>>> print(open('model_30.txt').read())   # compact mmCIF, C-alpha atoms
# COMPACT_ATOMS: atom_id res chain seq x y z
CA MET A 1 -27.83 -79.04 -9.50
CA TRP A 2 -30.98 -80.81 -8.30
CA PRO A 3 -31.28 -82.80 -11.58
CA PHE A 4 -27.70 -83.98 -11.04
CA ARG A 5 -28.63 -85.42 -7.67
CA ILE A 6 -31.66 -87.21 -9.13
CA TYR A 7 -29.47 -88.51 -11.96
CA LEU A 8 -26.90 -89.88 -9.52
CA LEU A 9 -29.51 -91.61 -7.38
CA ASN A 10 -31.13 -93.15 -10.47
CA ARG A 11 -27.78 -94.49 -11.65
CA LEU A 12 -27.35 -96.16 -8.26
CA ARG A 13 -30.72 -97.95 -8.41
CA PRO A 14 -29.30 -101.17 -9.97
CA PHE A 15 -27.23 -101.69 -6.83
CA GLN A 16 -28.81 -103.08 -3.68
CA PHE A 17 -28.71 -99.88 -1.61
CA THR A 18 -30.73 -99.72 1.57
CA TYR A 19 -33.05 -96.79 2.12
CA MET A 20 -30.60 -95.35 4.63
CA SER A 21 -27.74 -95.65 2.12
CA LYS A 22 -29.77 -93.66 -0.38
CA LEU A 23 -30.38 -91.02 2.26
CA ILE A 24 -26.63 -90.83 2.85
CA VAL A 25 -25.95 -90.33 -0.86
CA ALA A 26 -28.67 -87.70 -1.13
CA PHE A 27 -27.40 -85.87 1.95
CA ILE A 28 -23.79 -85.78 0.74
CA CYS A 29 -24.72 -84.78 -2.81
CA THR A 30 -26.99 -82.00 -1.58
CA PHE A 31 -24.31 -80.18 0.30
CA ILE A 32 -21.48 -80.81 -2.13
CA MET A 33 -23.62 -78.84 -4.55
CA PHE A 34 -23.26 -75.74 -2.39
CA ALA A 35 -19.64 -75.51 -3.54
CA ALA A 36 -20.73 -75.11 -7.16
CA GLU A 37 -22.57 -71.84 -6.62
CA SER A 38 -21.25 -68.70 -8.27
CA ILE A 39 -19.41 -66.50 -5.79
CA ALA A 40 -19.93 -63.43 -7.95
CA GLN A 41 -23.71 -63.33 -7.83
CA ILE A 42 -25.34 -61.03 -5.28
CA PRO A 43 -28.87 -61.90 -4.14
CA VAL A 44 -31.66 -59.61 -5.30
CA PRO A 45 -34.11 -59.23 -2.39
CA VAL A 46 -37.81 -58.60 -2.76
CA LYS A 47 -37.72 -56.36 0.30
CA GLY A 48 -34.87 -54.32 1.77
CA THR A 49 -31.24 -54.18 0.64
CA ILE A 50 -28.38 -56.67 0.47
CA VAL A 51 -24.85 -55.47 1.18
CA ARG A 52 -22.18 -57.94 0.03
CA HIS A 53 -18.88 -58.16 1.92
CA GLU A 54 -17.06 -60.25 -0.61
CA MET A 55 -14.63 -62.96 0.48
CA PHE A 56 -14.44 -61.74 4.07
CA ALA A 57 -10.98 -62.73 5.30
CA SER A 58 -10.39 -64.65 8.52
CA ALA A 59 -7.46 -65.96 10.51
CA PHE A 60 -9.54 -69.01 11.51
CA VAL A 61 -11.45 -70.19 8.43
CA ASP A 62 -11.41 -69.80 4.66
CA ALA A 63 -12.63 -66.47 3.28
CA ARG A 64 -16.29 -66.40 2.36
CA ASN A 65 -19.03 -64.00 1.29
CA ILE A 66 -21.10 -62.24 3.92
CA ASP A 67 -24.49 -60.96 2.72
CA VAL A 68 -26.03 -58.46 5.12
CA TRP A 69 -29.73 -57.72 4.76
CA LEU A 70 -30.97 -54.28 5.80
CA PRO A 71 -34.66 -53.40 6.13
CA GLU A 72 -36.17 -50.81 3.81
CA ASN A 73 -36.22 -48.15 6.50
CA TYR A 74 -32.71 -48.81 7.79
CA ASP A 75 -31.59 -45.72 9.71
CA VAL A 76 -28.09 -45.18 11.10
CA ASN A 77 -29.64 -43.14 13.89
CA LYS A 78 -31.46 -46.21 15.21
CA LYS A 79 -30.10 -49.38 16.77
CA TYR A 80 -30.82 -52.87 15.41
CA ALA A 81 -30.70 -56.39 16.76
CA VAL A 82 -28.63 -58.83 14.69
CA LEU A 83 -29.61 -62.27 13.45
CA TYR A 84 -26.65 -64.35 12.24
CA MET A 85 -27.67 -67.12 9.82
CA HIS A 86 -25.61 -69.97 8.40
CA ASP A 87 -25.74 -71.19 4.77
CA GLY A 88 -26.01 -67.54 3.76
CA GLN A 89 -26.22 -68.24 0.03
CA MET A 90 -29.60 -69.91 0.53
CA LEU A 91 -31.44 -67.13 2.35
CA TYR A 92 -32.59 -64.41 -0.02
CA ASP A 93 -32.82 -65.27 -3.72
CA ALA A 94 -33.91 -68.59 -5.24
CA ALA A 95 -32.73 -67.47 -8.69
CA ILE A 96 -29.09 -68.01 -7.66
CA THR A 97 -29.30 -71.03 -5.33
CA TRP A 98 -28.33 -74.53 -6.41
CA ASN A 99 -31.83 -75.97 -5.94
CA LYS A 100 -33.83 -72.84 -6.81
CA GLN A 101 -35.16 -72.60 -3.27
CA GLU A 102 -34.65 -69.95 -0.59
CA TRP A 103 -35.64 -69.12 2.97
CA GLN A 104 -37.32 -65.85 1.86
CA VAL A 105 -35.68 -64.16 4.82
CA ASP A 106 -36.05 -60.66 3.40
CA GLU A 107 -39.79 -61.05 2.80
CA ILE A 108 -40.56 -62.76 6.10
CA VAL A 109 -38.55 -60.37 8.26
CA SER A 110 -40.00 -57.39 6.41
CA GLN A 111 -43.54 -58.62 7.02
CA LEU A 112 -42.89 -59.23 10.72
CA LEU A 113 -41.36 -55.77 11.06
CA SER A 114 -44.28 -54.11 9.29
CA GLN A 115 -46.68 -55.85 11.68
CA SER A 116 -44.57 -54.87 14.71
CA GLN A 117 -44.20 -58.54 15.63
CA ILE A 118 -40.43 -58.35 16.05
CA ILE A 119 -37.95 -55.66 17.07
CA ASP A 120 -35.87 -53.82 14.47
CA CYS A 121 -33.14 -56.11 13.16
CA ILE A 122 -30.68 -56.85 10.40
CA VAL A 123 -29.69 -60.28 9.10
CA VAL A 124 -26.11 -61.42 8.51
CA GLY A 125 -25.99 -64.28 6.00
CA ILE A 126 -22.73 -66.21 6.38
CA TRP A 127 -21.91 -68.32 3.34
CA ASN A 128 -20.75 -71.86 3.88
CA ASN A 129 -17.70 -72.73 1.81
CA GLY A 130 -19.02 -76.04 0.51
CA VAL A 131 -16.04 -78.33 1.08
CA TYR A 132 -15.71 -77.76 4.82
CA ARG A 133 -19.36 -77.18 5.65
CA HIS A 134 -19.79 -80.43 7.59
CA SER A 135 -16.51 -79.91 9.42
CA GLU A 136 -17.35 -76.31 10.36
CA TYR A 137 -20.88 -77.07 11.50
CA PHE A 138 -20.23 -80.29 13.46
CA PRO A 139 -19.97 -79.41 17.20
CA GLN A 140 -16.37 -80.07 18.17
CA THR A 141 -16.39 -80.67 21.93
CA PRO A 142 -18.84 -83.62 21.76
CA ILE A 143 -16.40 -85.44 19.48
CA SER A 144 -14.23 -86.06 22.55
CA TYR A 145 -17.13 -87.96 24.12
CA LEU A 146 -16.94 -90.61 21.38
CA SER A 147 -14.79 -93.72 21.34
CA LYS A 148 -11.39 -93.40 19.67
CA ASP A 149 -12.47 -95.58 16.74
CA VAL A 150 -15.60 -93.52 16.07
CA GLN A 151 -13.65 -90.28 16.42
CA ASP A 152 -11.00 -91.40 13.93
CA THR A 153 -13.54 -92.63 11.38
CA LEU A 154 -15.68 -89.51 11.67
CA ILE A 155 -12.75 -87.12 11.32
CA LYS A 156 -11.16 -89.01 8.44
CA ASN A 157 -14.30 -89.75 6.41
CA GLU A 158 -16.60 -86.80 7.08
CA LEU A 159 -14.74 -83.89 8.69
CA GLN A 160 -12.00 -83.48 6.09
CA GLN A 161 -9.26 -84.63 8.47
CA GLN A 162 -10.06 -82.19 11.26
CA PRO A 163 -13.07 -80.60 12.99
CA ARG A 164 -13.34 -76.88 12.35
CA SER A 165 -16.38 -75.74 14.33
CA ASP A 166 -14.39 -74.15 17.17
CA ALA A 167 -12.45 -72.15 14.59
CA TYR A 168 -15.68 -71.24 12.79
CA LEU A 169 -17.21 -69.89 16.00
CA LYS A 170 -14.03 -67.92 16.76
CA PHE A 171 -14.41 -66.37 13.33
CA LEU A 172 -18.01 -65.40 14.09
CA VAL A 173 -17.36 -64.06 17.58
CA THR A 174 -13.93 -62.42 17.32
CA GLU A 175 -13.85 -61.27 13.69
CA LEU A 176 -17.27 -61.07 12.06
CA LYS A 177 -19.34 -59.74 14.95
CA PRO A 178 -16.93 -56.88 15.77
CA PHE A 179 -16.94 -55.93 12.08
CA ILE A 180 -20.74 -55.97 11.89
CA ASP A 181 -21.06 -53.91 15.08
CA LYS A 182 -18.55 -51.39 13.77
CA THR A 183 -20.03 -51.15 10.27
CA TYR A 184 -23.74 -51.13 11.10
CA SER A 185 -25.87 -49.48 13.75
CA THR A 186 -26.40 -52.43 16.07
CA TYR A 187 -27.03 -53.34 19.65
CA THR A 188 -23.97 -55.34 20.70
CA ASP A 189 -25.30 -57.18 23.76
CA LYS A 190 -26.42 -60.83 23.81
CA ASN A 191 -30.08 -59.92 24.27
CA HIS A 192 -30.03 -58.47 20.76
CA THR A 193 -27.73 -61.07 19.14
CA MET A 194 -29.30 -64.25 17.76
CA ILE A 195 -28.06 -67.16 15.67
CA ALA A 196 -30.00 -69.51 13.40
CA GLY A 197 -29.63 -72.33 10.91
CA SER A 198 -31.07 -75.61 9.68
CA SER A 199 -29.83 -79.19 9.59
CA MET A 200 -26.10 -79.02 10.35
CA GLY A 201 -26.72 -75.28 10.69
CA GLY A 202 -29.09 -76.17 13.52
CA LEU A 203 -26.32 -78.10 15.25
CA ILE A 204 -23.81 -75.26 15.01
CA SER A 205 -26.42 -72.77 16.24
CA MET A 206 -27.00 -74.96 19.30
CA TYR A 207 -23.24 -75.24 19.80
CA ALA A 208 -22.74 -71.48 19.43
CA ILE A 209 -25.16 -70.51 22.20
CA CYS A 210 -23.63 -73.13 24.49
CA GLU A 211 -20.02 -72.14 23.79
CA TYR A 212 -20.65 -68.37 23.77
CA PRO A 213 -23.61 -67.70 26.06
CA GLU A 214 -22.26 -64.21 26.72
CA VAL A 215 -22.48 -63.41 22.99
CA PHE A 216 -25.69 -65.08 21.79
CA GLY A 217 -28.95 -64.65 23.65
CA GLY A 218 -31.04 -66.87 21.38
CA ALA A 219 -30.66 -69.72 18.91
CA ALA A 220 -33.07 -71.10 16.30
CA CYS A 221 -32.26 -74.70 15.34
CA LEU A 222 -34.53 -75.87 12.51
CA SER A 223 -34.49 -79.53 11.46
CA THR A 224 -31.50 -80.04 13.73
CA HIS A 225 -29.39 -82.88 12.31
CA TRP A 226 -29.03 -84.80 15.57
CA PRO A 227 -27.58 -87.94 13.90
CA GLY A 228 -24.52 -85.81 13.02
CA SER A 229 -23.43 -88.60 10.69
CA LEU A 230 -25.39 -91.17 8.72
CA GLN A 231 -22.39 -93.51 8.75
CA ALA A 232 -21.60 -93.77 12.47
CA PRO A 233 -23.15 -96.47 14.69
CA GLU A 234 -26.77 -95.65 15.49
CA ASN A 235 -27.33 -93.24 18.41
CA VAL A 236 -23.62 -92.90 19.28
CA ILE A 237 -23.30 -89.31 18.07
CA PRO A 238 -26.76 -88.17 19.26
CA LEU A 239 -25.90 -89.45 22.74
CA ALA A 240 -22.68 -87.41 22.67
CA PHE A 241 -24.67 -84.30 21.73
CA GLN A 242 -27.13 -84.98 24.53
CA ASP A 243 -24.31 -85.45 27.03
CA TYR A 244 -22.79 -82.18 25.86
CA LEU A 245 -26.08 -80.32 26.24
CA SER A 246 -26.59 -81.64 29.76
CA LYS A 247 -23.24 -80.14 30.70
CA HIS A 248 -23.19 -76.92 28.67
CA LEU A 249 -26.68 -75.50 28.17
CA PRO A 250 -26.71 -71.79 29.01
CA SER A 251 -28.89 -70.37 31.75
CA PRO A 252 -32.61 -70.37 30.92
CA ASP A 253 -32.87 -67.09 32.84
CA SER A 254 -31.17 -65.19 30.02
CA HIS A 255 -31.38 -67.32 26.86
CA LYS A 256 -33.99 -68.61 24.42
CA ILE A 257 -33.70 -71.73 22.28
CA TYR A 258 -35.97 -72.97 19.49
CA PHE A 259 -35.97 -76.47 17.94
CA ASP A 260 -38.17 -78.05 15.29
CA PHE A 261 -38.41 -80.96 12.87
CA GLY A 262 -40.54 -82.28 10.04
CA THR A 263 -41.55 -85.88 9.47
CA THR A 264 -40.43 -86.73 5.91
CA THR A 265 -37.10 -87.13 4.07
CA LEU A 266 -34.14 -86.55 6.43
CA ASP A 267 -36.39 -84.97 9.02
CA GLN A 268 -38.03 -88.33 9.70
CA LEU A 269 -34.86 -89.30 11.59
CA TYR A 270 -34.99 -86.50 14.13
CA GLU A 271 -37.98 -86.96 16.45
CA PRO A 272 -36.57 -89.69 18.75
CA HIS A 273 -33.45 -87.62 19.36
CA GLN A 274 -35.38 -84.39 19.81
CA ILE A 275 -37.56 -86.02 22.47
CA LYS A 276 -34.43 -86.82 24.48
CA VAL A 277 -33.11 -83.29 24.00
CA ASP A 278 -36.46 -81.92 25.16
CA SER A 279 -36.14 -83.95 28.36
CA ILE A 280 -32.74 -82.37 28.99
CA MET A 281 -34.16 -78.91 28.37
CA LYS A 282 -36.81 -79.50 31.03
CA GLN A 283 -34.25 -80.86 33.49
CA LYS A 284 -32.17 -77.71 33.04
CA GLY A 285 -35.10 -75.44 33.87
CA TYR A 286 -36.25 -74.40 30.41
CA THR A 287 -39.97 -73.65 30.08
CA GLU A 288 -42.29 -72.30 27.40
CA LYS A 289 -41.02 -68.82 28.24
CA ASN A 290 -37.53 -69.54 26.94
CA TRP A 291 -37.73 -72.75 24.91
CA MET A 292 -39.87 -74.08 22.09
CA THR A 293 -39.87 -77.37 20.17
CA ARG A 294 -42.30 -77.76 17.26
CA LYS A 295 -43.18 -80.74 15.09
CA PHE A 296 -44.36 -80.14 11.51
CA GLU A 297 -46.24 -83.14 10.17
CA GLY A 298 -45.49 -84.00 6.56
CA GLU A 299 -42.77 -81.37 6.14
CA PRO A 300 -39.48 -82.32 4.42
CA HIS A 301 -35.87 -81.22 4.77
CA THR A 302 -35.92 -78.23 2.39
CA GLU A 303 -35.57 -74.47 2.29
CA GLN A 304 -39.20 -74.19 1.26
CA ALA A 305 -40.26 -76.05 4.39
CA TRP A 306 -38.06 -73.87 6.62
CA SER A 307 -39.37 -70.72 4.94
CA LYS A 308 -42.96 -71.69 5.74
CA ARG A 309 -42.25 -71.74 9.47
CA LEU A 310 -39.41 -69.23 9.87
CA HIS A 311 -41.80 -66.64 11.31
CA ILE A 312 -42.27 -68.82 14.39
CA PRO A 313 -38.67 -68.83 15.68
CA LEU A 314 -38.17 -65.21 14.61
CA THR A 315 -41.19 -64.08 16.62
CA PHE A 316 -40.08 -66.24 19.54
CA LEU A 317 -36.53 -64.87 19.60
CA LEU A 318 -37.08 -61.28 18.43
CA GLY A 319 -40.67 -60.63 19.45
CA GLN A 320 -41.69 -57.30 20.85
CA GLU A 321 -41.59 -57.28 24.65
>>> encode(input="model_30.txt", output="structure tokens")
Amino acid sequence: MWPFRIYLLNRLRPFQFTYMSKLIVAFICTFIMFAAESIAQIPVPVKGTIVRHEMFASAFVDARNIDVWLPENYDVNKKYAVLYMHDGQMLYDAAITWNKQEWQVDEIVSQLLSQSQIIDCIVVGIWNNGVYRHSEYFPQTPISYLSKDVQDTLIKNELQQQPRSDAYLKFLVTELKPFIDKTYSTYTDKNHTMIAGSSMGGLISMYAICEYPEVFGGAACLSTHWPGSLQAPENVIPLAFQDYLSKHLPSPDSHKIYFDFGTTTLDQLYEPHQIKVDSIMKQKGYTEKNWMTRKFEGEPHTEQAWSKRLHIPLTFLLGQE
């Protein structure tokens, strides 16, 4: 799928596209490619075991695969924290991903567990469904903070006629989590329930901990896609997200939040917005005990980049007390 994206961009070179226009094309093509993955393939982990819950049905969103990772020593007589991760098809096995990259979640979590750097946990990989990914991951409440014209354009052109993130979170909280807690030996409280993702997955992770602070005790937001859209007027959507955060951030007394960004490809857009978000975090009482923002010089917007630093948010959120 990656060669297809390069091919498309090369075919567009004769036209007078701006650099930002090319970024838009690359961004859209990248995530359309998710839809082309084979549903039948189950990841083969290097460490631990993957349990596939195929086409998990929901009253709120389209059915999708759920790939649950269990550590090698998984024991039903023990209790485990749960890490919910978006874009589940990209987490465990590069052999079956569209760009032949992965987060290496199984290897990284296994290593951290073996070194006693994090508490016992399982990972729930929630597949995106390709077509509605942007709509499901775009925080819904902040849309109401936008002008009517921007709302209408965003919903029509990028959110497939309607935002779906509230429905997606209802699926996670009222359908998927109860199933996971019933099927696996888990702690069910928020202190042992974390959520993580990158890019748009970073946005929905931020939104999840704000909307359901009683459910999620920690969120890891890697390369958070603060622009939200590369077509909307500059800074309009980031300002809406910032306004939302100032009103809805959960208590720092009982929650942890991690942000980061690189400095190349799409990630080069994020630092100015993250600086403003960091200011809001400080105003709301977050300190180094419960909040972390990291900058990774020279790192791009890829699974390989996120894999290289995944141990940092995992240790921050799930570290041994």
>>> residues_around(input="model_30.txt", residues="A:Ile122", least_positions_apart="2", cutoff="10 Å", atoms="only C-alpha atoms", output="compact mmCIF listing (two decimals) with C-alpha atoms, keeping the file's coordinate frame")
# COMPACT_ATOMS: atom_id res chain seq x y z
CA GLY A 48 -34.87 -54.32 1.77
CA VAL A 68 -26.03 -58.46 5.12
CA TRP A 69 -29.73 -57.72 4.76
CA LEU A 70 -30.97 -54.28 5.80
CA PRO A 71 -34.66 -53.40 6.13
CA TYR A 74 -32.71 -48.81 7.79
CA LYS A 79 -30.10 -49.38 16.77
CA TYR A 80 -30.82 -52.87 15.41
CA ALA A 81 -30.70 -56.39 16.76
CA VAL A 82 -28.63 -58.83 14.69
CA LEU A 83 -29.61 -62.27 13.45
CA TYR A 84 -26.65 -64.35 12.24
CA ASP A 106 -36.05 -60.66 3.40
CA VAL A 109 -38.55 -60.37 8.26
CA ILE A 119 -37.95 -55.66 17.07
CA ASP A 120 -35.87 -53.82 14.47
CA VAL A 124 -26.11 -61.42 8.51
CA GLY A 125 -25.99 -64.28 6.00
CA TYR A 184 -23.74 -51.13 11.10
CA SER A 185 -25.87 -49.48 13.75
CA THR A 186 -26.40 -52.43 16.07
>>> residues_around(input="model_30.txt", residues="stretch 210-213 of chain A", least_positions_apart="3", cutoff="8 Å", atoms="all atoms listed in the file", output="list in words")
Lys190, Met206, Tyr207, Phe216, Gly217, Leu245, His248, Leu249, Pro250 and His255 of chain A
>>> closest_residue(input="model_30.txt", among="A:Asn290, A:Asn235, A:Asn128, A:Gln104", to="A:Gly201", atoms="all atoms listed in the file")
A:Asn128
>>> residues_near_point(input="model_30.txt", point="(-40.9, -82.6, 5.9)", cutoff="6 Å", atoms="all atoms listed in the file", output="PyMOL selection string")
chain A and resi 262-264+267+298-301
>>> closest_residue(input="model_30.txt", among="A:Cys121, A:Leu310, A:Leu222, A:Met292", to="A:Tyr270", atoms="only C-alpha atoms")
A:Leu222
>>> closest_residue(input="model_30.txt", among="A:Gln41, A:Thr193, A:Ser246, A:Asn129", to="A:Pro142", atoms="all atoms listed in the file")
A:Ser246
>>> atom_distance(input="model_30.txt", atom1="atom CA of A:Gln89", atom2="atom CA of A:Thr315")
22.7 Å
>>> atom_distance(input="model_30.txt", atom1="atom CA of A:Asp189", atom2="atom CA of A:Leu318")
13.6 Å
>>> closest_residue(input="model_30.txt", among="A:Leu154, A:Leu230, A:Ile312, A:Val173", to="A:Arg294", atoms="only C-alpha atoms")
A:Ile312
